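J.: What follows is run_37.json; its format and atoms are JSON, C-alpha atoms.
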```
[["chain", "number", "residue", "atom", "x", "y", "z"],
["A", 21, "MET", "CA", -22.59, 80.15, 46.02],
["A", 22, "GLN", "CA", -25.85, 81.81, 45.02],
["A", 23, "HIS", "CA", -25.78, 82.04, 41.23],
["A", 24, "ILE", "CA", -25.28, 78.91, 39.14],
["A", 25, "SER", "CA", -24.85, 78.83, 35.37],
["A", 26, "LEU", "CA", -25.29, 75.59, 33.47],
["A", 27, "LEU", "CA", -24.16, 75.75, 29.87],
["A", 28, "ALA", "CA", -26.35, 73.93, 27.34],
["A", 29, "LEU", "CA", -25.04, 73.21, 23.87],
["A", 30, "PRO", "CA", -26.53, 71.36, 20.92],
["A", 31, "SER", "CA", -25.70, 67.65, 21.20],
["A", 32, "CYS", "CA", -24.37, 67.86, 24.77],
["A", 33, "LEU", "CA", -25.17, 65.10, 27.25],
["A", 34, "THR", "CA", -28.29, 66.16, 29.15],
["A", 35, "THR", "CA", -27.26, 64.33, 32.32],
["A", 36, "SER", "CA", -24.13, 66.47, 32.56],
["A", 37, "ILE", "CA", -26.52, 69.39, 33.11],
["A", 38, "SER", "CA", -29.43, 67.74, 34.91],
["A", 39, "LEU", "CA", -27.45, 65.74, 37.47],
["A", 40, "PRO", "CA", -25.55, 68.73, 38.92],
["A", 41, "LEU", "CA", -28.74, 70.80, 38.77],
["A", 42, "GLU", "CA", -30.70, 68.27, 40.81],
["A", 43, "ILE", "CA", -27.93, 67.78, 43.39],
["A", 44, "LEU", "CA", -27.50, 71.54, 43.86],
["A", 45, "ASN", "CA", -31.24, 72.15, 44.14],
["A", 46, "ALA", "CA", -31.64, 69.33, 46.68],
["A", 47, "ALA", "CA", -28.76, 70.67, 48.79],
["A", 48, "ASN", "CA", -30.14, 74.20, 48.73],
["A", 49, "GLU", "CA", -33.61, 72.99, 49.71],
["A", 50, "LEU", "CA", -32.19, 71.02, 52.66],
["A", 51, "ALA", "CA", -30.19, 74.09, 53.74],
["A", 52, "ARG", "CA", -33.32, 76.24, 53.50],
["A", 53, "ILE", "CA", -35.30, 73.79, 55.65],
["A", 54, "ARG", "CA", -32.64, 74.11, 58.34],
["A", 55, "ASN", "CA", -32.25, 77.87, 57.95],
["A", 56, "ARG", "CA", -35.15, 79.85, 56.52],
["A", 57, "LYS", "CA", -32.80, 82.80, 55.96],
["A", 58, "GLN", "CA", -30.80, 80.75, 53.45],
["A", 59, "ALA", "CA", -31.33, 82.37, 50.06],
["A", 60, "PRO", "CA", -32.59, 80.19, 47.22],
["A", 61, "LEU", "CA", -30.20, 79.53, 44.38],
["A", 62, "THR", "CA", -30.51, 81.48, 41.17],
["A", 63, "ILE", "CA", -29.92, 79.05, 38.33],
["A", 64, "ASP", "CA", -29.60, 79.91, 34.67],
["A", 65, "ILE", "CA", -29.36, 77.57, 31.73],
["A", 66, "VAL", "CA", -27.00, 79.42, 29.40],
["A", 67, "GLY", "CA", -26.94, 79.11, 25.62],
["A", 68, "GLU", "CA", -25.74, 81.15, 22.70],
["A", 69, "LYS", "CA", -29.28, 82.55, 22.53],
["A", 70, "ILE", "CA", -32.41, 82.17, 24.63],
["A", 71, "GLY", "CA", -34.63, 79.31, 23.56],
["A", 72, "PRO", "CA", -34.68, 75.53, 23.19],
["A", 73, "ILE", "CA", -31.48, 73.56, 22.72],
["A", 74, "VAL", "CA", -31.70, 69.95, 21.54],
["A", 75, "THR", "CA", -29.26, 67.73, 23.43],
["A", 76, "ALA", "CA", -27.62, 64.47, 22.32],
["A", 77, "GLY", "CA", -30.47, 62.32, 23.63],
["A", 78, "GLY", "CA", -33.05, 64.39, 21.75],
["A", 79, "LEU", "CA", -34.33, 66.24, 24.83],
["A", 80, "SER", "CA", -34.84, 69.98, 24.56],
["A", 81, "VAL", "CA", -33.40, 72.17, 27.27],
["A", 82, "MET", "CA", -34.64, 75.75, 27.52],
["A", 83, "SER", "CA", -31.87, 78.34, 27.67],
["A", 84, "THR", "CA", -32.85, 81.17, 30.02],
["A", 85, "ALA", "CA", -29.74, 83.32, 29.62],
["A", 86, "THR", "CA", -26.82, 84.11, 27.34],
["A", 87, "PRO", "CA", -23.25, 85.05, 28.29],
["A", 88, "ALA", "CA", -24.18, 88.68, 27.62],
["A", 89, "THR", "CA", -26.93, 88.56, 30.27],
["A", 90, "ILE", "CA", -24.77, 86.94, 32.97],
["A", 91, "ARG", "CA", -22.78, 89.64, 34.71],
["A", 92, "GLN", "CA", -21.34, 87.35, 37.38],
["A", 93, "THR", "CA", -21.87, 83.75, 38.37],
["A", 94, "ASP", "CA", -20.47, 81.74, 41.27],
["A", 95, "LEU", "CA", -20.43, 78.37, 39.53],
["A", 96, "LEU", "CA", -20.34, 77.49, 35.84],
["A", 97, "ILE", "CA", -20.83, 73.92, 34.68],
["A", 98, "LEU", "CA", -19.80, 72.99, 31.15],
["A", 99, "PRO", "CA", -21.59, 69.92, 29.76],
["A", 100, "SER", "CA", -20.01, 66.86, 28.29],
["A", 101, "LEU", "CA", -19.93, 66.95, 24.50],
["A", 102, "TRP", "CA", -21.20, 64.04, 22.43],
["A", 103, "ARG", "CA", -18.73, 62.61, 19.90],
["A", 104, "ASN", "CA", -15.68, 64.56, 18.69],
["A", 105, "PRO", "CA", -15.41, 67.67, 20.90],
["A", 106, "MET", "CA", -13.47, 69.62, 18.27],
["A", 107, "THR", "CA", -16.53, 69.77, 16.01],
["A", 108, "THR", "CA", -18.52, 71.44, 18.78],
["A", 109, "ILE", "CA", -15.66, 73.76, 19.71],
["A", 110, "ARG", "CA", -15.35, 74.96, 16.09],
["A", 111, "GLN", "CA", -19.11, 75.64, 16.05],
["A", 112, "GLN", "CA", -19.19, 77.37, 19.45],
["A", 113, "GLN", "CA", -16.28, 79.83, 19.31],
["A", 114, "TRP", "CA", -18.49, 82.48, 20.95],
["A", 115, "LEU", "CA", -17.98, 80.63, 24.23],
["A", 116, "LEU", "CA", -14.21, 81.12, 24.56],
["A", 117, "PRO", "CA", -14.17, 84.85, 25.50],
["A", 118, "TRP", "CA", -16.90, 84.26, 28.08],
["A", 119, "LEU", "CA", -14.91, 81.44, 29.68],
["A", 120, "SER", "CA", -11.92, 83.76, 30.00],
["A", 121, "ARG", "CA", -14.10, 86.48, 31.54],
["A", 122, "VAL", "CA", -15.75, 84.27, 34.16],
["A", 123, "ALA", "CA", -12.38, 82.69, 35.01],
["A", 124, "ASP", "CA", -10.95, 86.19, 35.58],
["A", 125, "GLN", "CA", -13.87, 86.87, 37.94],
["A", 126, "GLY", "CA", -12.89, 83.89, 40.10],
["A", 127, "THR", "CA", -15.91, 81.79, 39.13],
["A", 128, "ILE", "CA", -15.71, 78.10, 39.98],
["A", 129, "ILE", "CA", -15.74, 76.36, 36.61],
["A", 130, "CYS", "CA", -16.48, 72.65, 36.27],
["A", 131, "ALA", "CA", -15.92, 70.93, 32.93],
["A", 132, "VAL", "CA", -17.65, 67.59, 32.49],
["A", 133, "GLY", "CA", -15.87, 65.04, 30.28],
["A", 134, "THR", "CA", -14.86, 66.45, 26.93],
["A", 135, "SER", "CA", -15.84, 70.03, 27.74],
["A", 136, "SER", "CA", -12.34, 70.31, 29.23],
["A", 137, "PHE", "CA", -11.36, 70.88, 25.58],
["A", 138, "PHE", "CA", -13.14, 74.26, 25.83],
["A", 139, "LEU", "CA", -11.05, 75.22, 28.85],
["A", 140, "ALA", "CA", -7.84, 74.19, 27.11],
["A", 141, "GLU", "CA", -8.88, 75.99, 23.92],
["A", 142, "ALA", "CA", -9.46, 79.17, 25.99],
["A", 143, "GLU", "CA", -5.94, 78.65, 27.44],
["A", 144, "LEU", "CA", -7.29, 78.35, 30.98],
["A", 145, "LEU", "CA", -5.47, 75.06, 31.59],
["A", 146, "LYS", "CA", -1.99, 76.02, 30.37],
["A", 147, "HIS", "CA", 0.58, 74.37, 32.70],
["A", 148, "LYS", "CA", -2.24, 73.15, 34.93],
["A", 149, "PRO", "CA", -3.60, 69.69, 35.72],
["A", 150, "ALA", "CA", -6.67, 68.54, 33.80],
["A", 151, "THR", "CA", -8.53, 65.44, 32.76],
["A", 152, "THR", "CA", -11.10, 64.60, 30.13],
["A", 153, "HIS", "CA", -13.07, 61.59, 28.97],
["A", 154, "TRP", "CA", -10.68, 58.63, 28.66],
["A", 155, "TYR", "CA", -11.54, 58.04, 25.00],
["A", 156, "TYR", "CA", -10.08, 61.45, 24.09],
["A", 157, "PHE", "CA", -6.89, 61.37, 26.19],
["A", 158, "ASP", "CA", -4.57, 61.02, 23.19],
["A", 159, "ALA", "CA", -6.30, 63.72, 21.13],
["A", 160, "PHE", "CA", -6.33, 66.09, 24.12],
["A", 161, "GLU", "CA", -2.67, 65.54, 24.91],
["A", 162, "LYS", "CA", -1.65, 66.00, 21.27],
["A", 163, "ARG", "CA", -3.67, 69.21, 20.81],
["A", 164, "TYR", "CA", -2.76, 70.75, 24.21],
["A", 165, "PRO", "CA", 0.81, 69.71, 25.09],
["A", 166, "ASP", "CA", 1.08, 72.57, 27.63],
["A", 167, "VAL", "CA", -1.70, 71.08, 29.76],
["A", 168, "GLU", "CA", -0.76, 68.54, 32.44],
["A", 169, "LEU", "CA", -3.13, 65.75, 31.44],
["A", 170, "LYS", "CA", -3.83, 63.48, 34.42],
["A", 171, "ARG", "CA", -4.95, 60.24, 32.80],
["A", 172, "GLN", "CA", -5.23, 58.43, 36.14],
["A", 173, "HIS", "CA", -7.49, 61.08, 37.74],
["A", 174, "LEU", "CA", -11.27, 61.29, 37.43],
["A", 175, "ILE", "CA", -11.29, 64.83, 38.90],
["A", 176, "THR", "CA", -8.64, 67.53, 38.76],
["A", 177, "GLN", "CA", -8.45, 70.99, 40.29],
["A", 178, "ALA", "CA", -6.39, 73.98, 39.19],
["A", 179, "ASP", "CA", -7.34, 76.87, 41.45],
["A", 180, "SER", "CA", -11.08, 77.39, 40.78],
["A", 181, "ILE", "CA", -11.13, 75.24, 37.64],
["A", 182, "PHE", "CA", -12.21, 71.62, 37.94],
["A", 183, "CYS", "CA", -12.30, 68.90, 35.31],
["A", 184, "ALA", "CA", -14.41, 65.78, 35.80],
["A", 185, "GLY", "CA", -13.65, 62.90, 33.46],
["A", 186, "SER", "CA", -17.26, 61.76, 33.18],
["A", 187, "VAL", "CA", -20.86, 62.41, 34.14],
["A", 188, "ASN", "CA", -20.41, 60.08, 37.12],
["A", 189, "SER", "CA", -17.39, 62.09, 38.25],
["A", 190, "ILE", "CA", -19.31, 65.37, 38.12],
["A", 191, "ALA", "CA", -21.74, 63.93, 40.68],
["A", 192, "ASP", "CA", -18.82, 63.35, 43.08],
["A", 193, "LEU", "CA", -17.42, 66.81, 42.38],
["A", 194, "ILE", "CA", -20.77, 68.52, 42.96],
["A", 195, "VAL", "CA", -21.19, 66.67, 46.28],
["A", 196, "HIS", "CA", -17.72, 67.98, 47.23],
["A", 197, "LEU", "CA", -18.78, 71.55, 46.35],
["A", 198, "VAL", "CA", -22.02, 71.06, 48.32],
["A", 199, "ALA", "CA", -19.94, 70.06, 51.36],
["A", 200, "ASP", "CA", -17.89, 73.25, 50.98],
["A", 201, "GLN", "CA", -21.02, 75.39, 50.69],
["A", 202, "TYR", "CA", -23.48, 73.72, 53.05],
["A", 203, "GLY", "CA", -21.43, 71.34, 55.20],
["A", 204, "GLN", "CA", -20.83, 67.61, 55.39],
["A", 205, "LYS", "CA", -24.23, 66.74, 56.85],
["A", 206, "ILE", "CA", -26.12, 68.08, 53.83],
["A", 207, "ALA", "CA", -23.52, 66.64, 51.43],
["A", 208, "ARG", "CA", -24.12, 63.17, 52.91]]
```
Could you take the file, read its structure, and then write that structure out as structure tokens?

T.:
Amino acid sequence: MQHISLLALPSCLTTSISLPLEILNAANELARIRNRKQAPLTIDIVGEKIGPIVTAGGLSVMSTATPATIRQTDLLILPSLWRNPMTTIRQQQWLLPWLSRVADQGTIICAVGTSSFFLAEAELLKHKPATTHWYYFDAFEKRYPDVELKRQHLITQADSIFCAGSVNSIADLIVHLVADQYGQKIAR
């Protein structure tokens, strides 16, 4: 895992971007201390266009890349969406073809909270297990009856697609991915 893409969208939860970013950077730094040949991570904040994106808490995140500039990425993290996810999905239709493309490339995709709606909308979760934020279980299940909604799970996996029900769950998932990449000692 050398290239990480963190999607930033207007009104997303900043912590769903910053928490995975900080965990991944810390793990990579520890790995590089132990092995100077370990390559540093390349991390891009991806937006519809390059520039500032104002998140739900009012913080601005600077997008450094667009889907058109990302040829391949090893890990894509989709942020949790504030309020009704369908509003954001209707406004961000440009994202759906990119999700299909990176999924076809075998990219590990992690959806935080309500961003699992994007994966379902792109038909990447059809007949696969998924979860979302508990408040939107009923809406998700109604809109995507072909997805196996796992209400009792905080994290689901369908091949290389993960859904984390909340920002807290993405921390656990990222630590799991760190263990896969760098080993249990660094993950601890």

J.: Rank A:Ile37, A:Leu95, A:Val81, A:Leu139 by their smallest atom-to-atom distance to A:Val198, using only C-alpha atoms, and report the top residue only.

T.: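 Ranking A:Ile37, A:Leu95, A:Val81, A:Leu139 by distance to A:Val198, first place goes to A:Leu95.
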
J.: At most 10 Å is the cut-off: for each residue in stretch 97-178 of chain A with any atom that close to an atom of stretch 63-76 of chain A, write down the nearest atom pair and the distance in Å rounded to one decimal, counting all atoms listed in the file, chain first then increasing number, as a tab-separated table.

T.:
```
residue	atom	partner	partner_atom	distance
A:Ile97	CA	A:Ile65	CA	9.7
A:Leu98	CA	A:Val66	CA	9.8
A:Ser100	CA	A:Ala76	CA	10.0
A:Leu101	CA	A:Ala76	CA	8.4
A:Trp102	CA	A:Ala76	CA	6.4
A:Arg103	CA	A:Ala76	CA	9.4
A:Gln112	CA	A:Glu68	CA	8.2
A:Trp114	CA	A:Glu68	CA	7.6
A:Leu115	CA	A:Glu68	CA	7.9
```

J.: Given the choices A:Ile43, A:Ser25, A:Pro99, A:Ser38, which gets closest to A:Thr86 if the distance is worked out from all atoms listed in the file?

T.: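 Ranked by minimum distance to A:Thr86, first place goes to A:Ser25.
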
J.: I need the residue nearest A:Arg171 from this list: A:Ala150, A:Ile53, A:Leu26, A:Leu41. Use all atoms listed in the file for the distance.

T.: A:Ala150

J.: Which residues are close to A:Ile194, i.e. within 12 Å by all atoms listed in the file, leaving aside same-chain residues fewer than 4 positions away? Reply as a PyMOL selection string.

T.: chain A and resi 24+36-47+95-97+128-132+175+182-184+187-190+198-202+207-208

J.: Work out how far atom CA of A:Asn104 is from atom CA of A:Glu143, in Å to one decimal.

T.: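 Result for atom CA of A:Glu143 versus atom CA of A:Asn104: 19.2 Å, one decimal.
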
J.: Just how far from atom CA of A:Thr134 is atom CA of A:Tyr164, in Å to one decimal?

T.: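 Result for atom CA of A:Tyr164 versus atom CA of A:Thr134: 13.1 Å, one decimal.
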
J.: Any chance you could build stretch 170-181 of chain A out to all heavy atoms and write it as a PDB file, in the frame of the given file?

T.:
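Saved file part-v4.pdb follows:
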```pdb
ATOM      1  N   LYS A 170      -3.880  64.476  33.343  1.00  0.00           N
ATOM      2  CA  LYS A 170      -3.830  63.480  34.420  1.00  0.00           C
ATOM      3  C   LYS A 170      -4.728  62.311  34.036  1.00  0.00           C
ATOM      4  O   LYS A 170      -5.902  62.261  34.395  1.00  0.00           O
ATOM      5  CB  LYS A 170      -4.271  64.090  35.754  1.00  0.00           C
ATOM      6  CG  LYS A 170      -3.463  65.282  36.193  1.00  0.00           C
ATOM      7  CD  LYS A 170      -2.048  64.871  36.524  1.00  0.00           C
ATOM      8  CE  LYS A 170      -1.251  66.047  37.066  1.00  0.00           C
ATOM      9  NZ  LYS A 170       0.115  65.693  37.375  1.00  0.00           N
ATOM     10  N   ARG A 171      -4.176  61.373  33.301  1.00  0.00           N
ATOM     11  CA  ARG A 171      -4.950  60.240  32.800  1.00  0.00           C
ATOM     12  C   ARG A 171      -5.502  59.362  33.923  1.00  0.00           C
ATOM     13  O   ARG A 171      -6.529  58.730  33.749  1.00  0.00           O
ATOM     14  CB  ARG A 171      -4.081  59.375  31.879  1.00  0.00           C
ATOM     15  CG  ARG A 171      -3.730  60.040  30.569  1.00  0.00           C
ATOM     16  CD  ARG A 171      -2.727  59.202  29.783  1.00  0.00           C
ATOM     17  NE  ARG A 171      -2.392  59.827  28.517  1.00  0.00           N
ATOM     18  CZ  ARG A 171      -2.792  59.361  27.343  1.00  0.00           C
ATOM     19  NH1 ARG A 171      -3.514  58.264  27.270  1.00  0.00           N
ATOM     20  NH2 ARG A 171      -2.460  59.982  26.243  1.00  0.00           N
ATOM     21  N   GLN A 172      -4.824  59.308  35.042  1.00  0.00           N
ATOM     22  CA  GLN A 172      -5.230  58.430  36.140  1.00  0.00           C
ATOM     23  C   GLN A 172      -6.240  59.091  37.091  1.00  0.00           C
ATOM     24  O   GLN A 172      -6.732  58.448  37.995  1.00  0.00           O
ATOM     25  CB  GLN A 172      -4.008  57.940  36.907  1.00  0.00           C
ATOM     26  CG  GLN A 172      -3.317  59.002  37.748  1.00  0.00           C
ATOM     27  CD  GLN A 172      -2.394  59.959  37.001  1.00  0.00           C
ATOM     28  OE1 GLN A 172      -2.437  60.071  35.775  1.00  0.00           O
ATOM     29  NE2 GLN A 172      -1.577  60.692  37.729  1.00  0.00           N
ATOM     30  N   HIS A 173      -6.577  60.357  36.857  1.00  0.00           N
ATOM     31  CA  HIS A 173      -7.490  61.080  37.740  1.00  0.00           C
ATOM     32  C   HIS A 173      -8.868  61.232  37.094  1.00  0.00           C
ATOM     33  O   HIS A 173      -8.973  61.562  35.915  1.00  0.00           O
ATOM     34  CB  HIS A 173      -6.942  62.466  38.065  1.00  0.00           C
ATOM     35  CG  HIS A 173      -5.746  62.442  38.944  1.00  0.00           C
ATOM     36  ND1 HIS A 173      -4.476  62.295  38.457  1.00  0.00           N
ATOM     37  CD2 HIS A 173      -5.626  62.540  40.287  1.00  0.00           C
ATOM     38  CE1 HIS A 173      -3.615  62.308  39.464  1.00  0.00           C
ATOM     39  NE2 HIS A 173      -4.290  62.447  40.595  1.00  0.00           N
ATOM     40  N   LEU A 174      -9.901  61.054  37.902  1.00  0.00           N
ATOM     41  CA  LEU A 174     -11.270  61.290  37.430  1.00  0.00           C
ATOM     42  C   LEU A 174     -11.682  62.739  37.655  1.00  0.00           C
ATOM     43  O   LEU A 174     -12.586  63.239  36.994  1.00  0.00           O
ATOM     44  CB  LEU A 174     -12.245  60.359  38.134  1.00  0.00           C
ATOM     45  CG  LEU A 174     -12.068  58.878  37.792  1.00  0.00           C
ATOM     46  CD1 LEU A 174     -12.985  58.019  38.653  1.00  0.00           C
ATOM     47  CD2 LEU A 174     -12.322  58.631  36.321  1.00  0.00           C
ATOM     48  N   ILE A 175     -11.021  63.415  38.604  1.00  0.00           N
ATOM     49  CA  ILE A 175     -11.290  64.830  38.900  1.00  0.00           C
ATOM     50  C   ILE A 175      -9.960  65.528  39.111  1.00  0.00           C
ATOM     51  O   ILE A 175      -9.077  65.000  39.797  1.00  0.00           O
ATOM     52  CB  ILE A 175     -12.174  64.984  40.166  1.00  0.00           C
ATOM     53  CG1 ILE A 175     -13.534  64.318  39.969  1.00  0.00           C
ATOM     54  CG2 ILE A 175     -12.345  66.457  40.532  1.00  0.00           C
ATOM     55  CD1 ILE A 175     -14.375  64.236  41.230  1.00  0.00           C
ATOM     56  N   THR A 176      -9.817  66.704  38.513  1.00  0.00           N
ATOM     57  CA  THR A 176      -8.640  67.530  38.760  1.00  0.00           C
ATOM     58  C   THR A 176      -9.091  68.916  39.191  1.00  0.00           C
ATOM     59  O   THR A 176     -10.204  69.341  38.899  1.00  0.00           O
ATOM     60  CB  THR A 176      -7.752  67.669  37.499  1.00  0.00           C
ATOM     61  OG1 THR A 176      -8.509  68.278  36.452  1.00  0.00           O
ATOM     62  CG2 THR A 176      -7.215  66.317  37.053  1.00  0.00           C
ATOM     63  N   GLN A 177      -8.190  69.610  39.888  1.00  0.00           N
ATOM     64  CA  GLN A 177      -8.450  70.990  40.290  1.00  0.00           C
ATOM     65  C   GLN A 177      -7.221  71.824  40.018  1.00  0.00           C
ATOM     66  O   GLN A 177      -6.099  71.440  40.360  1.00  0.00           O
ATOM     67  CB  GLN A 177      -8.797  71.073  41.779  1.00  0.00           C
ATOM     68  CG  GLN A 177      -9.051  72.492  42.233  1.00  0.00           C
ATOM     69  CD  GLN A 177      -9.372  72.606  43.718  1.00  0.00           C
ATOM     70  OE1 GLN A 177      -9.333  71.635  44.459  1.00  0.00           O
ATOM     71  NE2 GLN A 177      -9.679  73.821  44.137  1.00  0.00           N
ATOM     72  N   ALA A 178      -7.425  72.968  39.406  1.00  0.00           N
ATOM     73  CA  ALA A 178      -6.390  73.980  39.190  1.00  0.00           C
ATOM     74  C   ALA A 178      -7.006  75.300  39.624  1.00  0.00           C
ATOM     75  O   ALA A 178      -7.776  75.905  38.883  1.00  0.00           O
ATOM     76  CB  ALA A 178      -5.971  74.013  37.724  1.00  0.00           C
ATOM     77  N   ASP A 179      -6.717  75.688  40.850  1.00  0.00           N
ATOM     78  CA  ASP A 179      -7.340  76.870  41.450  1.00  0.00           C
ATOM     79  C   ASP A 179      -8.861  76.671  41.460  1.00  0.00           C
ATOM     80  O   ASP A 179      -9.340  75.717  42.043  1.00  0.00           O
ATOM     81  CB  ASP A 179      -6.916  78.153  40.725  1.00  0.00           C
ATOM     82  CG  ASP A 179      -5.391  78.341  40.735  1.00  0.00           C
ATOM     83  OD1 ASP A 179      -4.790  78.130  41.807  1.00  0.00           O
ATOM     84  OD2 ASP A 179      -4.823  78.673  39.685  1.00  0.00           O
ATOM     85  N   SER A 180      -9.607  77.518  40.765  1.00  0.00           N
ATOM     86  CA  SER A 180     -11.080  77.390  40.780  1.00  0.00           C
ATOM     87  C   SER A 180     -11.604  76.666  39.546  1.00  0.00           C
ATOM     88  O   SER A 180     -12.790  76.725  39.257  1.00  0.00           O
ATOM     89  CB  SER A 180     -11.728  78.767  40.912  1.00  0.00           C
ATOM     90  OG  SER A 180     -11.386  79.565  39.804  1.00  0.00           O
ATOM     91  N   ILE A 181     -10.718  75.982  38.827  1.00  0.00           N
ATOM     92  CA  ILE A 181     -11.130  75.240  37.640  1.00  0.00           C
ATOM     93  C   ILE A 181     -11.025  73.744  37.909  1.00  0.00           C
ATOM     94  O   ILE A 181      -9.958  73.240  38.288  1.00  0.00           O
ATOM     95  CB  ILE A 181     -10.287  75.630  36.413  1.00  0.00           C
ATOM     96  CG1 ILE A 181     -10.506  77.111  36.075  1.00  0.00           C
ATOM     97  CG2 ILE A 181     -10.627  74.743  35.221  1.00  0.00           C
ATOM     98  CD1 ILE A 181      -9.657  77.623  34.944  1.00  0.00           C
TER      99      ILE A 181
END
```
